[in-house]
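Novice: Input structure: structure_30.pdb, which contains PDB, C-alpha atoms, pLDDT in the B column.
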ATOM      1  CA  MET A 225      -6.721 226.474-160.020  1.00 49.00           C
ATOM      2  CA  ALA A 226      -3.315 224.929-160.734  1.00 51.00           C
ATOM      3  CA  GLU A 227      -2.786 227.006-163.891  1.00 65.00           C
ATOM      4  CA  VAL A 228      -4.435 230.371-164.256  1.00 68.00           C
ATOM      5  CA  PRO A 229      -4.412 232.252-167.563  1.00 75.00           C
ATOM      6  CA  GLN A 230      -2.438 235.488-167.316  1.00 80.00           C
ATOM      7  CA  ASP A 231      -5.360 237.593-168.530  1.00 83.00           C
ATOM      8  CA  ILE A 232      -7.451 236.397-165.556  1.00 75.00           C
ATOM      9  CA  LEU A 233      -4.640 237.228-163.115  1.00 71.00           C
ATOM     10  CA  ASP A 234      -4.165 240.650-164.711  1.00 80.00           C
ATOM     11  CA  TRP A 235      -7.899 241.419-164.535  1.00 77.00           C
ATOM     12  CA  ARG A 236      -8.111 240.292-160.882  1.00 70.00           C
ATOM     13  CA  LYS A 237      -5.144 242.491-159.954  1.00 74.00           C
ATOM     14  CA  ARG A 238      -6.438 245.498-161.909  1.00 82.00           C
ATOM     15  CA  THR A 239      -9.896 245.331-160.310  1.00 76.00           C
ATOM     16  CA  GLY A 240      -8.748 244.422-156.779  1.00 72.00           C
ATOM     17  CA  ALA A 241     -10.507 241.064-156.943  1.00 67.00           C
ATOM     18  CA  ASP A 242      -7.217 239.385-156.005  1.00 67.00           C
ATOM     19  CA  ARG A 243      -7.163 240.979-152.551  1.00 63.00           C
ATOM     20  CA  TYR A 244      -7.851 237.707-150.727  1.00 64.00           C
ATOM     21  CA  ASP A 245      -6.288 235.305-153.237  1.00 73.00           C
ATOM     22  CA  GLU A 246      -3.873 232.785-151.795  1.00 65.00           C
ATOM     23  CA  MET A 247      -1.302 230.537-153.417  1.00 69.00           C
ATOM     24  CA  TRP A 248      -1.038 227.107-151.795  1.00 72.00           C
ATOM     25  CA  GLU A 249       2.117 225.433-153.099  1.00 72.00           C
ATOM     26  CA  GLY A 250       1.484 226.812-156.574  1.00 70.00           C
ATOM     27  CA  VAL A 251      -2.304 226.295-156.570  1.00 68.00           C
ATOM     28  CA  LEU A 252      -4.420 229.464-156.629  1.00 71.00           C
ATOM     29  CA  HIS A 253      -7.226 229.664-154.058  1.00 63.00           C
ATOM     30  CA  MET A 254      -9.776 232.398-154.726  1.00 63.00           C
ATOM     31  CA  PRO A 255     -12.067 232.682-151.702  1.00 63.00           C
ATOM     32  CA  PRO A 256     -15.049 235.009-151.907  1.00 63.00           C
ATOM     33  CA  MET A 257     -14.749 238.400-150.264  1.00 67.00           C
ATOM     34  CA  PRO A 258     -15.771 238.242-146.603  1.00 71.00           C
ATOM     35  CA  ASN A 259     -19.219 239.595-145.860  1.00 82.00           C
ATOM     36  CA  ARG A 260     -19.835 242.895-144.058  1.00 89.00           C
ATOM     37  CA  GLU A 261     -20.253 241.256-140.644  1.00 92.00           C
ATOM     38  CA  HIS A 262     -16.922 239.449-141.034  1.00 88.00           C
ATOM     39  CA  GLN A 263     -15.173 242.656-142.097  1.00 91.00           C
ATOM     40  CA  ASN A 264     -16.668 244.689-139.236  1.00 95.00           C
ATOM     41  CA  PHE A 265     -15.609 242.105-136.681  1.00 96.00           C
ATOM     42  CA  VAL A 266     -12.044 241.918-138.052  1.00 96.00           C
ATOM     43  CA  TRP A 267     -11.835 245.721-137.900  1.00 97.00           C
ATOM     44  CA  ALA A 268     -13.046 245.759-134.263  1.00 97.00           C
ATOM     45  CA  LEU A 269     -10.577 243.025-133.256  1.00 98.00           C
ATOM     46  CA  GLU A 270      -7.647 244.679-135.008  1.00 98.00           C
ATOM     47  CA  THR A 271      -8.510 248.038-133.449  1.00 98.00           C
ATOM     48  CA  TRP A 272      -8.721 246.546-129.960  1.00 98.00           C
ATOM     49  CA  LEU A 273      -5.368 244.781-130.423  1.00 98.00           C
ATOM     50  CA  ARG A 274      -3.684 247.948-131.711  1.00 98.00           C
ATOM     51  CA  VAL A 275      -5.006 250.102-128.856  1.00 97.00           C
ATOM     52  CA  ASN A 276      -4.727 247.669-125.949  1.00 97.00           C
ATOM     53  CA  TRP A 277      -1.858 245.377-126.908  1.00 97.00           C
ATOM     54  CA  ALA A 278       0.417 246.953-129.535  1.00 97.00           C
ATOM     55  CA  ARG A 279       0.349 250.594-128.433  1.00 94.00           C
ATOM     56  CA  SER A 280       2.371 249.837-125.297  1.00 90.00           C
ATOM     57  CA  GLY A 281       5.257 248.501-127.410  1.00 93.00           C
ATOM     58  CA  ARG A 282       4.437 244.792-127.134  1.00 97.00           C
ATOM     59  CA  GLY A 283       4.463 244.383-130.908  1.00 98.00           C
ATOM     60  CA  ARG A 284       2.643 245.106-134.146  1.00 98.00           C
ATOM     61  CA  VAL A 285      -0.764 244.180-135.562  1.00 98.00           C
ATOM     62  CA  PHE A 286      -1.708 243.894-139.241  1.00 97.00           C
ATOM     63  CA  HIS A 287      -4.777 242.733-141.134  1.00 93.00           C
ATOM     64  CA  GLU A 288      -5.362 241.068-144.504  1.00 89.00           C
ATOM     65  CA  ILE A 289      -1.667 240.475-145.098  1.00 91.00           C
ATOM     66  CA  ASN A 290       0.272 237.842-147.048  1.00 94.00           C
ATOM     67  CA  VAL A 291       2.310 235.292-145.098  1.00 97.00           C
ATOM     68  CA  ALA A 292       4.727 233.156-147.120  1.00 97.00           C
ATOM     69  CA  SER A 293       6.876 230.166-146.343  1.00 96.00           C
ATOM     70  CA  ILE A 294      10.642 230.761-146.280  1.00 96.00           C
ATOM     71  CA  GLY A 295      11.602 231.305-149.924  1.00 97.00           C
ATOM     72  CA  GLY A 296       7.997 230.607-150.917  1.00 94.00           C
ATOM     73  CA  TRP A 297       6.882 234.016-152.150  1.00 94.00           C
ATOM     74  CA  PRO A 298       4.885 234.235-154.429  1.00 89.00           C
ATOM     75  CA  LYS A 299       4.205 230.503-154.905  1.00 89.00           C
ATOM     76  CA  ASN A 300       3.233 229.572-151.327  1.00 93.00           C
ATOM     77  CA  TYR A 301       1.403 232.065-149.130  1.00 92.00           C
ATOM     78  CA  ARG A 302      -1.806 232.564-147.179  1.00 94.00           C
ATOM     79  CA  VAL A 303      -3.781 235.713-146.291  1.00 92.00           C
ATOM     80  CA  LEU A 304      -4.614 236.138-142.609  1.00 92.00           C
ATOM     81  CA  ASP A 305      -7.486 238.119-141.159  1.00 94.00           C
ATOM     82  CA  VAL A 306      -5.193 239.496-138.444  1.00 98.00           C
ATOM     83  CA  LEU A 307      -1.481 238.973-137.813  1.00 98.00           C
ATOM     84  CA  ILE A 308       0.225 239.642-134.478  1.00 98.00           C
ATOM     85  CA  LEU A 309       3.971 240.142-134.428  1.00 98.00           C
ATOM     86  CA  LYS A 310       6.186 240.456-131.354  1.00 98.00           C
ATOM     87  CA  PRO A 311       9.580 242.214-131.696  1.00 98.00           C
ATOM     88  CA  ASP A 312      11.521 238.945-131.911  1.00 98.00           C
ATOM     89  CA  ARG A 313       9.834 238.315-135.288  1.00 98.00           C
ATOM     90  CA  TYR A 314      10.034 241.789-136.869  1.00 98.00           C
ATOM     91  CA  GLN A 315      12.718 240.528-139.249  1.00 98.00           C
ATOM     92  CA  ILE A 316      10.153 238.469-141.214  1.00 98.00           C
ATOM     93  CA  ASP A 317       8.501 241.675-142.496  1.00 97.00           C
ATOM     94  CA  ARG A 318       9.071 242.111-146.254  1.00 97.00           C
ATOM     95  CA  ASN A 319       6.445 244.884-146.590  1.00 95.00           C
ATOM     96  CA  GLU A 320       4.378 243.122-149.297  1.00 94.00           C
ATOM     97  CA  TYR A 321       4.421 239.880-147.316  1.00 96.00           C
ATOM     98  CA  PHE A 322       5.832 238.249-144.194  1.00 98.00           C
ATOM     99  CA  GLU A 323       8.350 235.473-144.760  1.00 98.00           C
ATOM    100  CA  GLY A 324       7.942 232.929-141.986  1.00 98.00           C
ATOM    101  CA  GLY A 325       5.653 232.480-139.044  1.00 98.00           C
ATOM    102  CA  PRO A 326       4.117 235.404-137.196  1.00 98.00           C
ATOM    103  CA  THR A 327       3.644 235.233-133.427  1.00 98.00           C
ATOM    104  CA  VAL A 328      -0.112 234.712-133.836  1.00 98.00           C
ATOM    105  CA  ALA A 329      -2.226 234.026-136.920  1.00 98.00           C
ATOM    106  CA  VAL A 330      -5.875 235.009-136.460  1.00 98.00           C
ATOM    107  CA  GLU A 331      -8.589 233.522-138.657  1.00 97.00           C
ATOM    108  CA  VAL A 332     -12.224 234.582-138.429  1.00 96.00           C
ATOM    109  CA  VAL A 333     -14.055 231.467-139.557  1.00 95.00           C
ATOM    110  CA  SER A 334     -16.948 231.920-141.955  1.00 90.00           C
ATOM    111  CA  PRO A 335     -19.090 228.933-142.958  1.00 87.00           C
ATOM    112  CA  GLY A 336     -17.385 226.843-145.636  1.00 83.00           C
ATOM    113  CA  ASP A 337     -14.058 228.674-145.601  1.00 87.00           C
ATOM    114  CA  GLU A 338     -10.585 227.105-145.502  1.00 89.00           C
ATOM    115  CA  SER A 339      -9.331 228.511-142.180  1.00 93.00           C
ATOM    116  CA  TYR A 340      -8.612 225.128-140.569  1.00 96.00           C
ATOM    117  CA  ASP A 341      -6.980 223.841-143.769  1.00 94.00           C
ATOM    118  CA  LYS A 342      -4.233 226.438-143.233  1.00 95.00           C
ATOM    119  CA  PHE A 343      -3.016 224.908-139.955  1.00 97.00           C
ATOM    120  CA  ASP A 344      -0.379 222.655-141.561  1.00 97.00           C
ATOM    121  CA  PHE A 345       1.065 225.691-143.340  1.00 97.00           C
ATOM    122  CA  TYR A 346       1.109 227.781-140.149  1.00 98.00           C
ATOM    123  CA  GLY A 347       2.785 224.937-138.265  1.00 98.00           C
ATOM    124  CA  ALA A 348       5.387 224.397-140.997  1.00 97.00           C
ATOM    125  CA  ILE A 349       6.422 228.070-140.883  1.00 98.00           C
ATOM    126  CA  GLY A 350       6.634 228.050-137.073  1.00 97.00           C
ATOM    127  CA  THR A 351       3.622 230.096-135.965  1.00 98.00           C
ATOM    128  CA  PRO A 352       3.357 229.485-132.181  1.00 98.00           C
ATOM    129  CA  GLU A 353      -0.352 230.318-131.904  1.00 98.00           C
ATOM    130  CA  VAL A 354      -3.405 230.327-134.145  1.00 98.00           C
ATOM    131  CA  TRP A 355      -6.624 231.911-132.974  1.00 98.00           C
ATOM    132  CA  THR A 356      -9.863 230.976-134.695  1.00 98.00           C
ATOM    133  CA  ILE A 357     -13.013 232.941-133.961  1.00 98.00           C
ATOM    134  CA  GLN A 358     -16.332 231.760-135.339  1.00 96.00           C
ATOM    135  CA  ARG A 359     -17.882 234.649-137.248  1.00 94.00           C
ATOM    136  CA  ASP A 360     -21.478 233.767-136.407  1.00 93.00           C
ATOM    137  CA  SER A 361     -21.167 232.861-132.702  1.00 95.00           C
ATOM    138  CA  ARG A 362     -17.958 234.780-131.794  1.00 96.00           C
ATOM    139  CA  THR A 363     -16.700 231.607-130.121  1.00 97.00           C
ATOM    140  CA  PRO A 364     -12.897 231.787-129.884  1.00 98.00           C
ATOM    141  CA  GLU A 365     -10.408 228.932-130.008  1.00 98.00           C
ATOM    142  CA  MET A 366      -6.687 229.113-129.306  1.00 98.00           C
ATOM    143  CA  TRP A 367      -4.405 226.591-130.897  1.00 98.00           C
ATOM    144  CA  LEU A 368      -0.849 226.186-129.579  1.00 98.00           C
ATOM    145  CA  LEU A 369       1.940 224.652-131.650  1.00 98.00           C
ATOM    146  CA  HIS A 370       3.389 221.579-129.940  1.00 96.00           C
ATOM    147  CA  GLU A 371       5.931 219.357-131.701  1.00 93.00           C
ATOM    148  CA  GLY A 372       4.757 220.411-135.156  1.00 91.00           C
ATOM    149  CA  THR A 373       0.997 220.161-134.622  1.00 96.00           C
ATOM    150  CA  TYR A 374      -1.602 222.398-133.037  1.00 98.00           C
ATOM    151  CA  ARG A 375      -3.369 221.473-129.844  1.00 98.00           C
ATOM    152  CA  ARG A 376      -6.537 223.220-128.841  1.00 98.00           C
ATOM    153  CA  GLN A 377      -6.144 225.091-125.573  1.00 97.00           C
ATOM    154  CA  GLU A 378      -8.765 224.562-122.916  1.00 96.00           C
ATOM    155  CA  PRO A 379     -10.312 227.588-121.192  1.00 97.00           C
ATOM    156  CA  ASN A 380      -9.430 228.319-117.570  1.00 96.00           C
ATOM    157  CA  ALA A 381     -11.898 227.689-114.715  1.00 95.00           C
ATOM    158  CA  ALA A 382     -13.616 231.041-115.398  1.00 94.00           C
ATOM    159  CA  GLY A 383     -14.098 230.182-119.098  1.00 95.00           C
ATOM    160  CA  TRP A 384     -11.351 232.412-120.539  1.00 97.00           C
ATOM    161  CA  LEU A 385      -8.797 231.360-123.132  1.00 98.00           C
ATOM    162  CA  CYS A 386      -5.391 232.853-122.271  1.00 98.00           C
ATOM    163  CA  SER A 387      -2.733 233.449-124.935  1.00 98.00           C
ATOM    164  CA  PRO A 388       0.754 232.503-123.689  1.00 98.00           C
ATOM    165  CA  GLU A 389       2.363 234.661-126.406  1.00 98.00           C
ATOM    166  CA  THR A 390       0.355 237.871-125.918  1.00 98.00           C
ATOM    167  CA  GLU A 391      -1.465 237.617-122.554  1.00 97.00           C
ATOM    168  CA  VAL A 392      -4.715 238.387-124.429  1.00 98.00           C
ATOM    169  CA  GLN A 393      -7.734 236.625-122.922  1.00 98.00           C
ATOM    170  CA  MET A 394     -10.971 235.862-124.781  1.00 98.00           C
ATOM    171  CA  CYS A 395     -14.315 234.158-124.325  1.00 97.00           C
ATOM    172  CA  ALA A 396     -17.706 234.273-126.013  1.00 95.00           C
ATOM    173  CA  SER A 397     -20.475 236.232-124.327  1.00 94.00           C
ATOM    174  CA  ASP A 398     -24.047 235.009-124.036  1.00 91.00           C
ATOM    175  CA  ASP A 399     -25.195 237.654-126.510  1.00 94.00           C
ATOM    176  CA  ARG A 400     -22.975 236.610-129.458  1.00 94.00           C
ATOM    177  CA  ARG A 401     -20.097 238.986-128.841  1.00 96.00           C
ATOM    178  CA  LEU A 402     -16.443 238.375-128.078  1.00 98.00           C
ATOM    179  CA  MET A 403     -15.243 239.342-124.614  1.00 98.00           C
ATOM    180  CA  ILE A 404     -11.581 240.319-124.766  1.00 98.00           C
ATOM    181  CA  ARG A 405      -9.104 241.754-122.285  1.00 98.00           C
ATOM    182  CA  LEU A 406      -5.368 242.000-121.662  1.00 97.00           C
ATOM    183  CA  GLY A 407      -4.489 239.674-118.808  1.00 95.00           C
ATOM    184  CA  GLN A 408      -6.672 240.366-115.778  1.00 89.00           C
ATOM    185  CA  ASP A 409      -6.862 244.099-116.596  1.00 94.00           C
ATOM    186  CA  GLU A 410     -10.574 244.919-116.451  1.00 94.00           C
ATOM    187  CA  GLY A 411      -9.756 248.368-117.845  1.00 94.00           C
ATOM    188  CA  THR A 412      -9.063 246.705-121.199  1.00 96.00           C
ATOM    189  CA  LEU A 413     -12.214 244.557-121.163  1.00 97.00           C
ATOM    190  CA  GLU A 414     -14.395 245.059-124.209  1.00 97.00           C
ATOM    191  CA  LEU A 415     -17.287 243.281-125.882  1.00 97.00           C
ATOM    192  CA  LEU A 416     -16.599 243.183-129.613  1.00 97.00           C
ATOM    193  CA  PRO A 417     -19.652 243.126-131.889  1.00 93.00           C
TER     194      PRO A 417
END
Any chance you could put this one into structure tokens?
Specialist:
Amino acid sequence: MAEVPQDILDWRKRTGADRYDEMWEGVLHMPPMPNREHQNFVWALETWLRVNWARSGRGRVFHEINVASIGGWPKNYRVLDVLILKPDRYQIDRNEYFEGGPTVAVEVVSPGDESYDKFDFYGAIGTPEVWTIQRDSRTPEMWLLHEGTYRRQEPNAAGWLCSPETEVQMCASDDRRLMIRLGQDEGTLELLP
């Protein structure tokens, strides 16, 4: 919607229906609320990241947060499933939104959503990594920013994707779960539902 009547915006805000709304260069995108499976998986991933990655002082983890271009709030922003922020990027935190690229943008991909359409935005604001995880198969992808565009990272010989920014490693299990660990530390290995 390029122009949205104020009464619709007011109603959406009052009822909480605007929780996942995004503004793409002045155009309102109103995706449906994620289903229960999507929400449960995002919660499990965020929890694992907070406990195993962020707790040791590596950085911060947030979910369902606004990320705007520099000077773009509130006309140009996206809502991420999970945002990972290392200390060198703490200054982009504006409480209601982040202004500029986080260290990692995480999108859980549901059928028919716009996750991949956000890549140009993430690249333009300087997000070094984007992780996409297919909701239905738990198949992860890591995308690394290289000269303004994202290149899909190939898994290592053992089948793991390894994040250069966070040292988090991921791969899909045979039983439709996400295997995740911090580096080679088997003590952090978990199978997320």
Novice: Counting all atoms listed in the file, note down every residue that has an atom within 12 Å of the point (1.2, 245.9, -131.1) (file coordinates), as a ChimeraX atom specification.
Specialist: /A:270-286,306-311,314,327-328,390,392
Novice: Could you work out how far CA of Ile294 (chain A) lies from CA of Leu233 (chain A), giving the answer in Å with one decimal?
Specialist: 23.6 Å
Novice: Running the PyMOL selection byres ((chain A and resi 375) around 12) on this model by hand, what would come out? Give it as a ChimeraX atom specification.
Specialist: /A:343,347,352-355,365-374,376-378
Novice: What separation in Å, quoted to one decimal, exists between CA of Asn300 (chain A) and CA of Asn264 (chain A)?
Specialist: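 Here the two named atoms are 27.8 Å from each other.
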Novice: With all atoms listed in the file as the atoms that count, which of A:Asn319, A:Gln230, A:Gln263, A:Ser387 lies nearest to Ile289 (chain A)?
Specialist: A:Asn319
Novice: Up to 12 Å from (6.2, 235.0, -147.9) in the file's coordinates: name the residues, counting only C-alpha atoms, as a PDB file with C-alpha atoms, in the coordinates of the input.
Specialist:
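What follows is the written file out.pdb:
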ATOM      1  CA  GLU A 246      -3.873 232.785-151.795  1.00 65.00           C
ATOM      2  CA  MET A 247      -1.302 230.537-153.417  1.00 69.00           C
ATOM      3  CA  TRP A 248      -1.038 227.107-151.795  1.00 72.00           C
ATOM      4  CA  GLU A 249       2.117 225.433-153.099  1.00 72.00           C
ATOM      5  CA  ILE A 289      -1.667 240.475-145.098  1.00 91.00           C
ATOM      6  CA  ASN A 290       0.272 237.842-147.048  1.00 94.00           C
ATOM      7  CA  VAL A 291       2.310 235.292-145.098  1.00 97.00           C
ATOM      8  CA  ALA A 292       4.727 233.156-147.120  1.00 97.00           C
ATOM      9  CA  SER A 293       6.876 230.166-146.343  1.00 96.00           C
ATOM     10  CA  ILE A 294      10.642 230.761-146.280  1.00 96.00           C
ATOM     11  CA  GLY A 295      11.602 231.305-149.924  1.00 97.00           C
ATOM     12  CA  GLY A 296       7.997 230.607-150.917  1.00 94.00           C
ATOM     13  CA  TRP A 297       6.882 234.016-152.150  1.00 94.00           C
ATOM     14  CA  PRO A 298       4.885 234.235-154.429  1.00 89.00           C
ATOM     15  CA  LYS A 299       4.205 230.503-154.905  1.00 89.00           C
ATOM     16  CA  ASN A 300       3.233 229.572-151.327  1.00 93.00           C
ATOM     17  CA  TYR A 301       1.403 232.065-149.130  1.00 92.00           C
ATOM     18  CA  ARG A 302      -1.806 232.564-147.179  1.00 94.00           C
ATOM     19  CA  VAL A 303      -3.781 235.713-146.291  1.00 92.00           C
ATOM     20  CA  ILE A 316      10.153 238.469-141.214  1.00 98.00           C
ATOM     21  CA  ASP A 317       8.501 241.675-142.496  1.00 97.00           C
ATOM     22  CA  ARG A 318       9.071 242.111-146.254  1.00 97.00           C
ATOM     23  CA  ASN A 319       6.445 244.884-146.590  1.00 95.00           C
ATOM     24  CA  GLU A 320       4.378 243.122-149.297  1.00 94.00           C
ATOM     25  CA  TYR A 321       4.421 239.880-147.316  1.00 96.00           C
ATOM     26  CA  PHE A 322       5.832 238.249-144.194  1.00 98.00           C
ATOM     27  CA  GLU A 323       8.350 235.473-144.760  1.00 98.00           C
ATOM     28  CA  GLY A 324       7.942 232.929-141.986  1.00 98.00           C
ATOM     29  CA  GLY A 325       5.653 232.480-139.044  1.00 98.00           C
ATOM     30  CA  PRO A 326       4.117 235.404-137.196  1.00 98.00           C
ATOM     31  CA  PHE A 345       1.065 225.691-143.340  1.00 97.00           C
ATOM     32  CA  TYR A 346       1.109 227.781-140.149  1.00 98.00           C
ATOM     33  CA  ILE A 349       6.422 228.070-140.883  1.00 98.00           C
TER      34      ILE A 349
END
Novice: Please compute the CA of Pro417 (chain A)-CA of Arg401 (chain A) distance, one decimal, in Å.
Specialist: 5.2 Å
Novice: Hey, could you pull the box centre and edge lengths for region 284-291 of chain A, axis-aligned, 5 Å padding per side, all listed atoms, to one decimal in Å, as lines of an AutoDock Vina configuration file?
Specialist:
center_x = -1.4
center_y = 240.2
center_z = -140.6
size_x = 18.0
size_y = 19.8
size_z = 22.9
Novice: Evaluate the PyMOL selection byres ((chain A and resi 396) around 10) here and jot the selected residues down as a list in words.
Specialist: Ile357, Gln358, Ser361, Arg362, Thr363, Pro364, Glu365, Gly383, Trp384, Leu385, Met394, Cys395, Ser397, Asp398, Asp399, Arg400, Arg401, Leu402, Met403, Ile404, Leu415 and Leu416 of chain A
Novice: Please write the residues from the selection above to a file, keeping C-alpha atoms, as a short mmCIF file (atom, residue, chain, number, x, y, z; two decimals), in the frame of the given file.
Specialist:
data_model
loop_
_atom_site.label_atom_id
_atom_site.label_comp_id
_atom_site.auth_asym_id
_atom_site.auth_seq_id
_atom_site.Cartn_x
_atom_site.Cartn_y
_atom_site.Cartn_z
CA ILE A 357 -13.01 232.94 -133.96
CA GLN A 358 -16.33 231.76 -135.34
CA SER A 361 -21.17 232.86 -132.70
CA ARG A 362 -17.96 234.78 -131.79
CA THR A 363 -16.70 231.61 -130.12
CA PRO A 364 -12.90 231.79 -129.88
CA GLU A 365 -10.41 228.93 -130.01
CA GLY A 383 -14.10 230.18 -119.10
CA TRP A 384 -11.35 232.41 -120.54
CA LEU A 385 -8.80 231.36 -123.13
CA MET A 394 -10.97 235.86 -124.78
CA CYS A 395 -14.32 234.16 -124.32
CA SER A 397 -20.48 236.23 -124.33
CA ASP A 398 -24.05 235.01 -124.04
CA ASP A 399 -25.20 237.65 -126.51
CA ARG A 400 -22.98 236.61 -129.46
CA ARG A 401 -20.10 238.99 -128.84
CA LEU A 402 -16.44 238.38 -128.08
CA MET A 403 -15.24 239.34 -124.61
CA ILE A 404 -11.58 240.32 -124.77
CA LEU A 415 -17.29 243.28 -125.88
CA LEU A 416 -16.60 243.18 -129.61
#
Novice: For a quick check of understanding, using all atoms listed in the file, which of A:Asp305, A:Asp312, A:Glu414, A:Asp360 has the smallest distance to Ser339 (chain A)?
Specialist: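 Result for the nearest residue to Ser339 (chain A): A:Asp305.
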Novice: In terms of the shortest atom-to-atom distance over all atoms listed in the file, which of A:Ala329, A:Asp231, A:Glu288, A:Gln393 is closest to Asn380 (chain A)?
Specialist: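 Among the listed residues, the smallest separation from Asn380 (chain A) belongs to A:Gln393.
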Novice: Of the candidates A:Leu252, A:Cys386, A:Ile232, A:Leu304, which one gets nearest to Val332 (chain A) if we count all atoms listed in the file?
Specialist: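 Answer, going by the shortest atom-to-atom distance: A:Leu304.
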Novice: Which of these residues is nearest to Asp409 (chain A), using only C-alpha atoms: A:Glu261, A:Gln315, A:Glu391, A:Leu269?
Specialist: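 Residue with the minimum atom-to-atom distance to Asp409 (chain A): A:Glu391.
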Novice: Using only C-alpha atoms, which protein or nucleic acid residues come within 12 Å of Pro258 (chain A)? Drop anything in the same chain fewer than 4 positions from it, and give the result as a list in words.
Specialist: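 The contact residues come out as Ala241, Arg243, Tyr244, Asp245, Met254, His262, Gln263, Asn264, Phe265, Val266, Glu288, Asp305, Glu331, Val332, Val333, Ser334, Pro335, Gly336, Asp337 and Arg359 of chain A.
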